[in-house]
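Report on one structure; see the data block that follows.
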Amino acid sequence: MIVGFTGTRAGMTEAQKKVVARLLEEHKPSEVHHGDCIGADAQFHQIAGNIPIVGHPASEVGEQRAFCLNFSRIHESKPPLERNRDIVTASDIMIATPKESREVLRSGTWATIRYAFKANKQIYIILPDGTLIME
């Protein structure tokens, strides 16, 4: 099982981190994928621990890239929306930790969630208060 992750550069709340850790423990993925941005991606990287991690850096984030260490492999940089689609495509399930409790436009995290729906991926949306929505 491969798990993809999307989240906000503002980072996850403590409640979101706890649910992410629980989901990774329950699913026991063979590999996880994230975008190597500051905030939620870097936090997810730490939570994933010893699970092999694949990075999908964005080409247009500059100082917003986290440069996480110990990737099992890392893809060439791509524009943010394109790399987000790559993460969804590579994954069996997606975990999303938006900073808002409701869908918004002009958000990379919500755009990735919408793309995962269209791709018929199982997705776990963890709201800032820790509420888990499974689609």
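Residue numbering restarts at 1 for every chain of the structure tokens, chains are lettered A, B, ... in their displayed order, and ligands are numbered from 1 as they appear.
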Q: Would you kindly return, as a PyMOL selection string, each protein, DNA or RNA residue with an atom no farther than 12 Å from any atom of Val54 in chain A, considering only C-alpha atoms and excluding same-chain residues fewer than 5 positions away?
A: chain A and resi 2-5+30-36+41+44-45+48+68-76+86-87+90-91
Q: Within range 15-133 of chain A, find each residue whose DSSP state, derived from the backbone, is strand (DSSP E), and express the selection as JSON, numbers by chain.
A: {"A": [31, 32, 33, 34, 53, 54, 55, 73, 74, 93, 94, 95, 96, 97, 122, 123, 124, 125, 126, 132, 133]}
Restricted to C-alpha atoms, what would the selected residues look like written as a CSV table (one decimal), in the first residue's frame?
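Once written, out_33.csv looks like this:
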chain,number,residue,atom,x,y,z
A,31,GLU,CA,5.9,3.7,0.9
A,32,VAL,CA,4.7,7.2,1.4
A,33,HIS,CA,4.9,10.2,-1.0
A,34,HIS,CA,4.8,14.0,-0.2
A,53,ILE,CA,9.6,8.1,1.7
A,54,VAL,CA,9.4,9.4,-1.9
A,55,GLY,CA,9.7,13.2,-2.5
A,73,ARG,CA,14.1,8.5,-3.8
A,74,ILE,CA,13.2,11.9,-5.0
A,93,ILE,CA,-4.8,6.2,-0.7
A,94,MET,CA,-4.4,9.9,0.1
A,95,ILE,CA,-4.2,11.7,3.5
A,96,ALA,CA,-5.0,15.4,3.5
A,97,THR,CA,-4.6,17.9,6.3
A,122,GLN,CA,-9.7,6.7,-1.2
A,123,ILE,CA,-9.0,9.9,0.7
A,124,TYR,CA,-8.8,10.7,4.4
A,125,ILE,CA,-9.4,14.4,5.1
A,126,ILE,CA,-8.3,15.4,8.6
A,132,LEU,CA,-11.6,12.5,10.2
A,133,ILE,CA,-13.6,12.4,7.0
(Q) Residues within 12 Å of Arg114 in chain A, please, as number ranges by chain. Count only C-alpha atoms; anything in the same chain fewer than 5 positions from it doesn't count. (A) A: 6, 81, 84-85, 88, 94, 96, 103-109, 119-123, 125, 135
Could those selected residues go to a file with N, CA and C atoms, as a compact mmCIF listing (two decimals), in the first residue's frame?
# COMPACT_ATOMS: atom_id res chain seq x y z
N THR A 6 -0.95 15.32 1.35
CA THR A 6 -1.01 16.73 0.99
C THR A 6 -1.42 17.52 2.22
N LEU A 81 1.02 22.14 -9.00
CA LEU A 81 -0.20 21.37 -9.29
C LEU A 81 0.11 20.07 -10.03
N ASN A 84 1.52 17.63 -7.50
CA ASN A 84 0.44 17.13 -6.64
C ASN A 84 -0.33 16.01 -7.34
N ARG A 85 -0.57 16.17 -8.63
CA ARG A 85 -1.25 15.11 -9.39
C ARG A 85 -0.39 13.85 -9.43
N VAL A 88 -0.86 11.95 -6.20
CA VAL A 88 -2.14 11.24 -6.21
C VAL A 88 -2.04 10.00 -7.10
N MET A 94 -4.89 8.59 -0.16
CA MET A 94 -4.37 9.92 0.14
C MET A 94 -4.78 10.33 1.55
N ALA A 96 -5.00 13.96 3.66
CA ALA A 96 -4.97 15.40 3.46
C ALA A 96 -5.23 16.11 4.79
N GLU A 103 -14.06 23.31 2.29
CA GLU A 103 -13.36 23.43 1.02
C GLU A 103 -13.26 24.89 0.59
N VAL A 104 -12.08 25.25 0.09
CA VAL A 104 -11.86 26.59 -0.45
C VAL A 104 -11.21 26.48 -1.82
N LEU A 105 -11.40 27.51 -2.63
CA LEU A 105 -10.72 27.60 -3.91
C LEU A 105 -9.37 28.26 -3.70
N ARG A 106 -8.51 28.13 -4.68
CA ARG A 106 -7.18 28.74 -4.64
C ARG A 106 -6.32 28.18 -3.51
N SER A 107 -6.49 26.90 -3.22
CA SER A 107 -5.70 26.20 -2.22
C SER A 107 -5.12 24.95 -2.86
N GLY A 108 -3.81 24.79 -2.80
CA GLY A 108 -3.18 23.61 -3.36
C GLY A 108 -3.64 22.32 -2.69
N THR A 109 -3.83 22.39 -1.37
CA THR A 109 -4.29 21.20 -0.65
C THR A 109 -5.69 20.80 -1.11
N ALA A 119 -9.88 11.09 -9.39
CA ALA A 119 -9.08 9.90 -9.70
C ALA A 119 -9.60 8.66 -8.97
N ASN A 120 -10.72 8.83 -8.26
CA ASN A 120 -11.33 7.72 -7.51
C ASN A 120 -10.40 7.10 -6.48
N LYS A 121 -9.60 7.92 -5.82
CA LYS A 121 -8.72 7.45 -4.77
C LYS A 121 -9.45 7.52 -3.43
N GLN A 122 -9.15 6.57 -2.57
CA GLN A 122 -9.65 6.67 -1.20
C GLN A 122 -8.89 7.82 -0.55
N ILE A 123 -9.61 8.70 0.12
CA ILE A 123 -8.96 9.86 0.73
C ILE A 123 -9.45 10.06 2.15
N ILE A 125 -9.51 12.95 4.86
CA ILE A 125 -9.35 14.39 5.10
C ILE A 125 -9.41 14.59 6.61
N GLU A 135 -13.50 9.50 2.47
CA GLU A 135 -14.26 9.52 1.20
C GLU A 135 -13.81 8.38 0.34
Q: Have a look at A:Gly39, A:Pro128, A:Pro52, A:Pro29 and name the one nearest to Ala10 in chain A; count only C-alpha atoms.
A: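 Counting only C-alpha atoms, the residue closest to Ala10 in chain A is A:Gly39.
You can rank A:Ala40, A:Ala66, A:Ile51, A:Ile113 by their closest distance to Lys17 in chain A using only C-alpha atoms, and at the top of that list sits A:Ala40.
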Q: Using CA of Ser101 in chain A and CA of Phe117 in chain A as the two end points, give the distance in Å to one decimal.
A: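 Between CA of Ser101 in chain A and CA of Phe117 in chain A the gap works out to 17.4 Å.
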List every residue of range 76-130 of chain A that DSSP, applied to the backbone of this structure, places in helix (DSSP H, G or I), and write the result as an mmCIF file with C-alpha atoms, in the first residue's frame.
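So the final result, stored in selection_9.cif, reads:
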data_model
loop_
_atom_site.group_PDB
_atom_site.id
_atom_site.type_symbol
_atom_site.label_atom_id
_atom_site.label_comp_id
_atom_site.auth_asym_id
_atom_site.auth_seq_id
_atom_site.Cartn_x
_atom_site.Cartn_y
_atom_site.Cartn_z
ATOM 1 C CA PRO A 80 3.128 22.484 -7.801
ATOM 2 C CA LEU A 81 -0.200 21.366 -9.286
ATOM 3 C CA GLU A 82 1.512 18.910 -11.624
ATOM 4 C CA ARG A 83 3.585 17.367 -8.828
ATOM 5 C CA ASN A 84 0.437 17.128 -6.639
ATOM 6 C CA ARG A 85 -1.246 15.110 -9.389
ATOM 7 C CA ASP A 86 1.840 12.867 -9.541
ATOM 8 C CA ILE A 87 1.522 12.200 -5.802
ATOM 9 C CA VAL A 88 -2.143 11.239 -6.213
ATOM 10 C CA THR A 89 -1.405 9.036 -9.230
ATOM 11 C CA ALA A 90 1.404 7.195 -7.410
ATOM 12 C CA GLY A 108 -3.178 23.608 -3.362
ATOM 13 C CA THR A 109 -4.294 21.203 -0.647
ATOM 14 C CA TRP A 110 -7.975 21.433 -1.629
ATOM 15 C CA ALA A 111 -7.096 21.238 -5.343
ATOM 16 C CA THR A 112 -5.228 18.001 -4.597
ATOM 17 C CA ILE A 113 -8.216 16.681 -2.636
ATOM 18 C CA ARG A 114 -10.493 17.456 -5.594
ATOM 19 C CA TYR A 115 -8.098 15.719 -7.988
ATOM 20 C CA ALA A 116 -7.975 12.631 -5.711
ATOM 21 C CA PHE A 117 -11.794 12.480 -5.827
ATOM 22 C CA LYS A 118 -11.732 12.634 -9.630
#
Q) In Å, how far is it from CA of Pro98 in chain A to CA of Asn50 in chain A? A)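 Interatomic distance here is 24.4 Å.
CA of Leu23 in chain A sits 21.3 Å away from CA of Arg102 in chain A.
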